[in-house]
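Participant: What follows is the file entry05.cif, containing mmCIF, C-alpha atoms:
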```
data_model
loop_
_atom_site.group_PDB
_atom_site.id
_atom_site.type_symbol
_atom_site.label_atom_id
_atom_site.label_comp_id
_atom_site.auth_asym_id
_atom_site.auth_seq_id
_atom_site.Cartn_x
_atom_site.Cartn_y
_atom_site.Cartn_z
ATOM 1 C CA MET A 1 42.457 49.155 47.107
ATOM 2 C CA ASP A 2 42.598 46.096 44.871
ATOM 3 C CA ILE A 3 45.230 47.663 42.670
ATOM 4 C CA VAL A 4 47.648 47.396 45.590
ATOM 5 C CA LYS A 5 47.047 43.662 45.709
ATOM 6 C CA ILE A 6 47.636 43.355 41.998
ATOM 7 C CA ILE A 7 50.858 45.324 42.206
ATOM 8 C CA ALA A 8 52.049 43.178 45.104
ATOM 9 C CA LEU A 9 51.184 40.059 43.106
ATOM 10 C CA SER A 10 53.070 41.312 40.070
ATOM 11 C CA PHE A 11 56.131 42.178 42.144
ATOM 12 C CA ALA A 12 56.097 38.735 43.744
ATOM 13 C CA GLY A 13 55.794 37.173 40.305
ATOM 14 C CA VAL A 14 58.641 39.240 38.875
ATOM 15 C CA MET A 15 60.954 38.492 41.769
ATOM 16 C CA LEU A 16 60.179 34.791 41.672
ATOM 17 C CA ALA A 17 60.575 34.605 37.916
ATOM 18 C CA ALA A 18 63.905 36.403 38.033
ATOM 19 C CA MET A 19 65.146 34.109 40.779
ATOM 20 C CA VAL A 20 64.009 30.920 39.110
ATOM 21 C CA LYS A 21 65.265 32.068 35.706
ATOM 22 C CA GLN A 22 68.866 31.725 36.833
ATOM 23 C CA HIS A 23 68.462 28.061 37.644
ATOM 24 C CA SER A 24 66.311 27.057 34.718
ATOM 25 C CA ALA A 25 64.949 29.411 32.086
ATOM 26 C CA GLU A 26 61.649 27.719 31.304
ATOM 27 C CA TYR A 27 60.391 27.972 34.882
ATOM 28 C CA GLY A 28 60.831 31.718 34.711
ATOM 29 C CA ILE A 29 58.379 31.708 31.838
ATOM 30 C CA TYR A 30 55.960 29.495 33.763
ATOM 31 C CA VAL A 31 56.015 31.840 36.743
ATOM 32 C CA ALA A 32 55.412 34.797 34.431
ATOM 33 C CA LEU A 33 52.539 32.952 32.790
ATOM 34 C CA GLY A 34 51.060 32.029 36.153
ATOM 35 C CA THR A 35 51.261 35.597 37.399
ATOM 36 C CA GLY A 36 49.646 36.922 34.233
ATOM 37 C CA ILE A 37 46.802 34.459 34.474
ATOM 38 C CA LEU A 38 46.225 35.218 38.144
ATOM 39 C CA ILE A 39 46.060 38.953 37.510
ATOM 40 C CA LEU A 40 43.641 38.481 34.618
ATOM 41 C CA LEU A 41 41.435 36.185 36.676
ATOM 42 C CA TYR A 42 41.551 38.732 39.468
ATOM 43 C CA ILE A 43 40.306 41.613 37.369
ATOM 44 C CA SER A 44 37.656 39.546 35.582
ATOM 45 C CA GLY A 45 35.107 40.789 38.109
ATOM 46 C CA TYR A 46 35.633 44.396 37.116
ATOM 47 C CA LEU A 47 35.619 43.436 33.478
ATOM 48 C CA GLN A 48 32.261 41.752 33.887
ATOM 49 C CA GLU A 49 30.928 44.905 35.540
ATOM 50 C CA ALA A 50 32.072 47.064 32.617
ATOM 51 C CA ILE A 51 30.584 44.710 30.064
ATOM 52 C CA ASP A 52 27.245 44.537 31.861
ATOM 53 C CA PHE A 53 27.157 48.349 31.963
ATOM 54 C CA LEU A 54 27.962 48.503 28.259
ATOM 55 C CA GLY A 55 25.216 46.014 27.491
ATOM 56 C CA SER A 56 22.612 47.805 29.584
ATOM 57 C CA MET A 57 23.502 51.153 27.986
ATOM 58 C CA ALA A 58 23.077 49.625 24.550
ATOM 59 C CA GLU A 59 19.696 48.129 25.428
ATOM 60 C CA LYS A 60 18.395 51.328 27.001
ATOM 61 C CA THR A 61 19.396 53.629 24.196
ATOM 62 C CA GLY A 62 18.876 50.987 21.514
ATOM 63 C CA LEU A 63 21.817 52.519 19.662
ATOM 64 C CA GLY A 64 24.097 49.989 17.979
ATOM 65 C CA ALA A 65 22.577 47.047 19.817
ATOM 66 C CA GLY A 66 23.915 44.865 17.015
ATOM 67 C CA SER A 67 27.407 46.265 17.022
ATOM 68 C CA ILE A 68 27.823 45.845 20.788
ATOM 69 C CA GLY A 69 28.258 42.137 20.240
ATOM 70 C CA ILE A 70 30.900 42.732 17.623
ATOM 71 C CA LEU A 71 32.605 45.289 19.843
ATOM 72 C CA LEU A 72 32.799 42.765 22.663
ATOM 73 C CA LYS A 73 34.147 40.075 20.359
ATOM 74 C CA VAL A 74 36.833 42.424 19.080
ATOM 75 C CA MET A 75 37.760 43.376 22.652
ATOM 76 C CA GLY A 76 37.996 39.726 23.630
ATOM 77 C CA ILE A 77 40.213 38.860 20.688
ATOM 78 C CA ALA A 78 42.440 41.846 21.335
ATOM 79 C CA TYR A 79 42.618 40.949 25.004
ATOM 80 C CA LEU A 80 43.717 37.360 24.418
ATOM 81 C CA THR A 81 46.058 38.193 21.558
ATOM 82 C CA GLU A 82 47.814 40.830 23.624
ATOM 83 C CA PHE A 83 48.177 38.420 26.520
ATOM 84 C CA SER A 84 49.768 35.641 24.511
ATOM 85 C CA ALA A 85 51.835 37.849 22.186
ATOM 86 C CA GLN A 86 53.459 39.673 25.096
ATOM 87 C CA LEU A 87 54.155 36.368 26.781
ATOM 88 C CA CYS A 88 55.865 34.997 23.672
ATOM 89 C CA LYS A 89 57.999 38.136 23.476
ATOM 90 C CA ASP A 90 58.890 37.886 27.156
ATOM 91 C CA ALA A 91 60.034 34.347 26.618
ATOM 92 C CA GLY A 92 62.374 35.719 23.971
ATOM 93 C CA TYR A 93 60.455 34.503 20.924
ATOM 94 C CA GLY A 94 59.558 37.790 19.253
ATOM 95 C CA ALA A 95 58.809 36.167 15.915
ATOM 96 C CA ILE A 96 56.092 33.940 17.336
ATOM 97 C CA GLY A 97 54.669 36.900 19.239
ATOM 98 C CA MET A 98 54.465 38.891 16.027
ATOM 99 C CA LYS A 99 52.669 36.012 14.290
ATOM 100 C CA VAL A 100 50.124 35.847 17.079
ATOM 101 C CA GLU A 101 49.575 39.591 16.814
ATOM 102 C CA LEU A 102 49.154 39.329 13.050
ATOM 103 C CA ALA A 103 46.591 36.568 13.479
ATOM 104 C CA GLY A 104 44.787 38.644 16.109
ATOM 105 C CA LYS A 105 44.593 41.666 13.829
ATOM 106 C CA LEU A 106 43.255 39.526 11.020
ATOM 107 C CA MET A 107 40.586 38.001 13.246
ATOM 108 C CA ILE A 108 39.540 41.449 14.429
ATOM 109 C CA LEU A 109 39.285 42.662 10.832
ATOM 110 C CA VAL A 110 37.172 39.694 9.852
ATOM 111 C CA THR A 111 34.911 40.123 12.878
ATOM 112 C CA ALA A 112 34.420 43.806 12.132
ATOM 113 C CA LEU A 113 33.588 43.316 8.434
ATOM 114 C CA PRO A 114 29.788 43.440 8.928
ATOM 115 C CA VAL A 115 30.133 46.865 10.509
ATOM 116 C CA PHE A 116 31.991 48.134 7.474
ATOM 117 C CA GLN A 117 29.322 46.605 5.278
ATOM 118 C CA SER A 118 26.509 48.356 7.060
ATOM 119 C CA LEU A 119 28.506 51.601 6.980
ATOM 120 C CA ALA A 120 29.052 51.303 3.242
ATOM 121 C CA GLY A 121 25.360 50.530 2.752
ATOM 122 C CA LEU A 122 24.432 53.573 4.776
ATOM 123 C CA ILE A 123 26.691 55.851 2.750
ATOM 124 C CA LEU A 124 25.416 54.479 -0.554
ATOM 125 C CA SER A 125 21.817 54.970 0.520
ATOM 126 C CA LEU A 126 22.622 58.580 1.465
ATOM 127 C CA LEU A 127 24.200 59.247 -1.912
ATOM 128 C CA GLU A 128 21.207 58.026 -3.862
ATOM 129 C CA MET B 1 42.307 31.532 42.314
ATOM 130 C CA ASP B 2 44.900 31.096 44.997
ATOM 131 C CA VAL B 3 48.110 33.027 44.792
ATOM 132 C CA SER B 4 50.118 30.051 45.923
ATOM 133 C CA ILE B 5 50.295 28.680 42.377
ATOM 134 C CA ILE B 6 53.186 31.035 41.632
ATOM 135 C CA PHE B 7 55.121 29.938 44.661
ATOM 136 C CA ARG B 8 54.449 26.291 43.885
ATOM 137 C CA ILE B 9 55.784 26.708 40.361
ATOM 138 C CA ALA B 10 58.881 28.479 41.632
ATOM 139 C CA ALA B 11 59.394 25.751 44.225
ATOM 140 C CA VAL B 12 59.160 23.022 41.604
ATOM 141 C CA GLY B 13 61.570 24.974 39.427
ATOM 142 C CA ILE B 14 64.131 25.261 42.200
ATOM 143 C CA ILE B 15 63.776 21.628 43.252
ATOM 144 C CA VAL B 16 64.182 20.362 39.711
ATOM 145 C CA ALA B 17 67.219 22.566 39.163
ATOM 146 C CA VAL B 18 68.861 21.352 42.361
ATOM 147 C CA LEU B 19 68.012 17.722 41.617
ATOM 148 C CA ASN B 20 69.406 18.163 38.147
ATOM 149 C CA GLN B 21 72.700 19.417 39.527
ATOM 150 C CA VAL B 22 72.921 16.611 42.092
ATOM 151 C CA LEU B 23 72.070 13.870 39.635
ATOM 152 C CA SER B 24 74.360 15.157 36.905
ATOM 153 C CA ARG B 25 77.199 15.444 39.459
ATOM 154 C CA ALA B 26 76.524 11.838 40.445
ATOM 155 C CA GLY B 27 76.934 10.870 36.831
ATOM 156 C CA ARG B 28 73.283 9.795 36.266
ATOM 157 C CA ASP B 29 72.385 12.150 33.455
ATOM 158 C CA GLU B 30 69.354 10.114 32.366
ATOM 159 C CA GLN B 31 67.713 10.500 35.788
ATOM 160 C CA ALA B 32 68.525 14.198 35.667
ATOM 161 C CA MET B 33 66.635 14.461 32.396
ATOM 162 C CA MET B 34 63.785 12.455 33.892
ATOM 163 C CA THR B 35 63.384 14.752 36.858
ATOM 164 C CA THR B 36 63.380 17.770 34.558
ATOM 165 C CA LEU B 37 60.631 16.205 32.494
ATOM 166 C CA ALA B 38 58.674 15.249 35.607
ATOM 167 C CA GLY B 39 58.881 18.801 36.917
ATOM 168 C CA LEU B 40 57.793 20.085 33.542
ATOM 169 C CA VAL B 41 54.755 17.842 33.468
ATOM 170 C CA VAL B 42 53.660 18.775 36.978
ATOM 171 C CA VAL B 43 53.914 22.498 36.326
ATOM 172 C CA LEU B 44 52.237 22.199 32.941
ATOM 173 C CA PHE B 45 49.376 20.284 34.562
ATOM 174 C CA TRP B 46 48.696 23.134 36.990
ATOM 175 C CA ILE B 47 49.161 25.841 34.398
ATOM 176 C CA VAL B 48 46.870 24.207 31.856
ATOM 177 C CA GLN B 49 44.054 24.146 34.377
ATOM 178 C CA TYR B 50 44.460 27.859 35.007
ATOM 179 C CA ILE B 51 44.740 28.661 31.318
ATOM 180 C CA GLY B 52 41.567 26.678 30.712
ATOM 181 C CA ASP B 53 39.715 28.648 33.381
ATOM 182 C CA LEU B 54 40.957 31.949 32.018
ATOM 183 C CA PHE B 55 40.072 31.249 28.414
ATOM 184 C CA GLU B 56 36.688 29.827 29.335
ATOM 185 C CA MET B 57 35.921 32.918 31.417
ATOM 186 C CA ILE B 58 36.958 35.263 28.653
ATOM 187 C CA GLN B 59 35.004 33.364 26.046
ATOM 188 C CA SER B 60 31.870 33.394 28.130
ATOM 189 C CA MET B 61 32.323 37.055 28.990
ATOM 190 C CA PHE B 62 33.011 38.354 25.483
ATOM 191 C CA GLY B 63 30.729 35.936 23.701
ATOM 192 C CA LEU B 64 33.545 34.636 21.511
#
```
Can the structure in the file be given as structure tokens, please?
Facilitator:
Amino acid sequence: MDIVKIIALSFAGVMLAAMVKQHSAEYGIYVALGTGILILLYISGYLQEAIDFLGSMAEKTGLGAGSIGILLKVMGIAYLTEFSAQLCKDAGYGAIGMKVELAGKLMILVTALPVFQSLAGLILSLLE
Amino acid sequence: MDVSIIFRIAAVGIIVAVLNQVLSRAGRDEQAMMTTLAGLVVVLFWIVQYIGDLFEMIQSMFGL
């Protein structure tokens, strides 16, 4: 049922942004930004639910308890990078959006390095 | 988390655009620029609060 509210919100945002864009371009971007933030705040409840479930599954099974933290960090970085990169592209500044995406990918790689390390260690120990 | 923020931003946008037209027609271009800046600051003030909430929520949720 909530998805209907979100769709209504996004339509309102799109219509308002299009209308305001004619008069002054930057307010169209502000309206788009405001709508995006509202939708993200709105779904944060569901996100929290999913993360709690993920955490409890990890604790119960004990599998990858360490990597759950990294997984969440990577999801958070991807989430924020996607949000801001798309917004930059919407505003017409593709180059800046690409730079943000590049930075996001790099941060994700750096955050995930320990996992690669443990994987490599595991493989080496198997080979010996 | 009220939905009215979008409508407030759009309203400020429209008002500033109209004021801009009126003032520039009346020959006072400096005031026109001033009203644009004022509108900008007001909207930015609201938006920054919301951005702060969003980023804080995401950081606390994902443990960033």
Participant: Show me, as a PyMOL selection string, the residues that have an atom within 8 Å of Leu40 in chain A when counting all atoms listed in the file, minus same-chain residues fewer than 4 positions from it.
Facilitator: (chain A and resi 36+44) or (chain B and resi 54)
Participant: Between CA of Tyr30 in chain A and CA of Glu30 in chain B, what is the spacing in Å?
Facilitator: 23.6 Å
Participant: Determine the nearest neighbour of chain B from the options A:Gln86, A:Ser118, A:Thr111, A:Ser56, counting all atoms listed in the file.
Facilitator: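 Using all atoms listed in the file, chain B sits closest to A:Thr111.
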Participant: Skip Ile58 in chain B itself and residues of its chain fewer than 6 positions away, then list as JSON, numbers by chain all residues within 12 Å of it, counting all atoms listed in the file.
Facilitator: {"A": [37, 40, 41, 43, 44, 45, 47, 48, 51, 72, 73, 74, 75, 76, 77, 78, 79, 80, 81, 83], "B": [51, 52, 64]}
Participant: Report the residues retrieved by the PyMOL selection byres ((chain B and resi 44) around 12) from the displayed file, expressed as a list in words.
Facilitator: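 Those residues are Glu26, Tyr27, Ile29, Tyr30, Val31, Leu33 and Gly34 of chain A; Ile5, Arg8, Ile9, Val12, Gly13, Leu37, Ala38, Gly39, Leu40, Val41, Val42, Val43, Phe45, Trp46, Ile47, Val48, Gln49, Tyr50, Ile51 and Gly52 of chain B.
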Participant: For CA of Thr36 in chain B and CA of Leu23 in chain B, quote the distance in Å rounded to one decimal.
Facilitator: 10.8 Å
Participant: As a list in words, please: the residues near Thr35 in chain A (cut-off 7 Å, all atoms listed in the file, same-chain neighbours under 5 positions excluded).
Facilitator: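 Returned residues: Ser10 and Gly13 of chain A; Ile6 of chain B.
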Participant: Please save C-alpha atoms of the selected residues as a compact mmCIF listing (two decimals), in the coordinates of the input.
Facilitator:
```txt
# COMPACT_ATOMS: atom_id res chain seq x y z
CA SER A 10 53.07 41.31 40.07
CA GLY A 13 55.79 37.17 40.30
CA ILE B 6 53.19 31.04 41.63
```
Participant: May I have the protein, DNA and RNA residues with any atom at most 12 Å from the point (57.1, 38.0, 44.5), counting all atoms listed in the file, written as a JSON list (two decimals) with C-alpha atoms, in the coordinates of the input?
Facilitator:
```json
[["chain", "number", "residue", "atom", "x", "y", "z"],
["A", 5, "LYS", "CA", 47.05, 43.66, 45.71],
["A", 6, "ILE", "CA", 47.64, 43.36, 42.00],
["A", 7, "ILE", "CA", 50.86, 45.32, 42.21],
["A", 8, "ALA", "CA", 52.05, 43.18, 45.10],
["A", 9, "LEU", "CA", 51.18, 40.06, 43.11],
["A", 10, "SER", "CA", 53.07, 41.31, 40.07],
["A", 11, "PHE", "CA", 56.13, 42.18, 42.14],
["A", 12, "ALA", "CA", 56.10, 38.74, 43.74],
["A", 13, "GLY", "CA", 55.79, 37.17, 40.30],
["A", 14, "VAL", "CA", 58.64, 39.24, 38.88],
["A", 15, "MET", "CA", 60.95, 38.49, 41.77],
["A", 16, "LEU", "CA", 60.18, 34.79, 41.67],
["A", 17, "ALA", "CA", 60.58, 34.60, 37.92],
["A", 18, "ALA", "CA", 63.90, 36.40, 38.03],
["A", 19, "MET", "CA", 65.15, 34.11, 40.78],
["A", 20, "VAL", "CA", 64.01, 30.92, 39.11],
["A", 31, "VAL", "CA", 56.02, 31.84, 36.74],
["A", 32, "ALA", "CA", 55.41, 34.80, 34.43],
["A", 34, "GLY", "CA", 51.06, 32.03, 36.15],
["A", 35, "THR", "CA", 51.26, 35.60, 37.40],
["B", 3, "VAL", "CA", 48.11, 33.03, 44.79],
["B", 4, "SER", "CA", 50.12, 30.05, 45.92],
["B", 5, "ILE", "CA", 50.30, 28.68, 42.38],
["B", 6, "ILE", "CA", 53.19, 31.04, 41.63],
["B", 7, "PHE", "CA", 55.12, 29.94, 44.66],
["B", 10, "ALA", "CA", 58.88, 28.48, 41.63]]
```
Participant: Report, in Å with one decimal, the straight-line distance from CA of Asp2 in chain A to CA of Leu54 in chain A.
Facilitator: 22.3 Å
Participant: Could you list, as a list in words, every residue within 12 Å of Ala32 in chain B, counting only C-alpha atoms and ignoring same-chain residues fewer than 5 positions away?
Facilitator: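 So the residues in contact are Ile15, Val16, Ala17, Val18, Leu19, Asn20, Gln21, Val22, Leu23, Ser24, Arg25, Ala26, Gly27, Leu37, Ala38 and Gly39 of chain B.
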Participant: Mind dumping the selected residues with C-alpha atoms as a PDB file, in the frame of the given file?
Facilitator:
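The result, written out as out.pdb:
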```
ATOM      1  CA  ILE B  15      63.776  21.628  43.252  1.00  0.00           C
ATOM      2  CA  VAL B  16      64.182  20.362  39.711  1.00  0.00           C
ATOM      3  CA  ALA B  17      67.219  22.566  39.163  1.00  0.00           C
ATOM      4  CA  VAL B  18      68.861  21.352  42.361  1.00  0.00           C
ATOM      5  CA  LEU B  19      68.012  17.722  41.617  1.00  0.00           C
ATOM      6  CA  ASN B  20      69.406  18.163  38.147  1.00  0.00           C
ATOM      7  CA  GLN B  21      72.700  19.417  39.527  1.00  0.00           C
ATOM      8  CA  VAL B  22      72.921  16.611  42.092  1.00  0.00           C
ATOM      9  CA  LEU B  23      72.070  13.870  39.635  1.00  0.00           C
ATOM     10  CA  SER B  24      74.360  15.157  36.905  1.00  0.00           C
ATOM     11  CA  ARG B  25      77.199  15.444  39.459  1.00  0.00           C
ATOM     12  CA  ALA B  26      76.524  11.838  40.445  1.00  0.00           C
ATOM     13  CA  GLY B  27      76.934  10.870  36.831  1.00  0.00           C
ATOM     14  CA  LEU B  37      60.631  16.205  32.494  1.00  0.00           C
ATOM     15  CA  ALA B  38      58.674  15.249  35.607  1.00  0.00           C
ATOM     16  CA  GLY B  39      58.881  18.801  36.917  1.00  0.00           C
TER      17      GLY B  39
END
```
Participant: Of the residues A:Ala120, A:Ile39, A:Ala58, A:Leu106, which is the one nearest to chain B, using only C-alpha atoms?
Facilitator: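 Between A:Ala120, A:Ile39, A:Ala58, A:Leu106, the residue approaching chain B most closely is A:Ile39.
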Participant: Would you mind telling me which residue in A:Leu71, A:Ala25, A:Ile3, A:Met98 lies nearest to Tyr42 in chain A when using all atoms listed in the file?
Facilitator: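 Comparing A:Leu71, A:Ala25, A:Ile3, A:Met98 against Tyr42 in chain A, the winner is A:Ile3.
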Participant: Could you work out an axis-aligned bounding box for all listed atoms of range 54-64 of chain B, with 5 Å added on each of the six sides, and give its centre and edge lengths in Å to one decimal, as AutoDock Vina command-line options?
Facilitator:
```
--center_x 35.8 --center_y 34.1 --center_z 26.8 --size_x 20.2 --size_y 18.5 --size_z 20.5
```
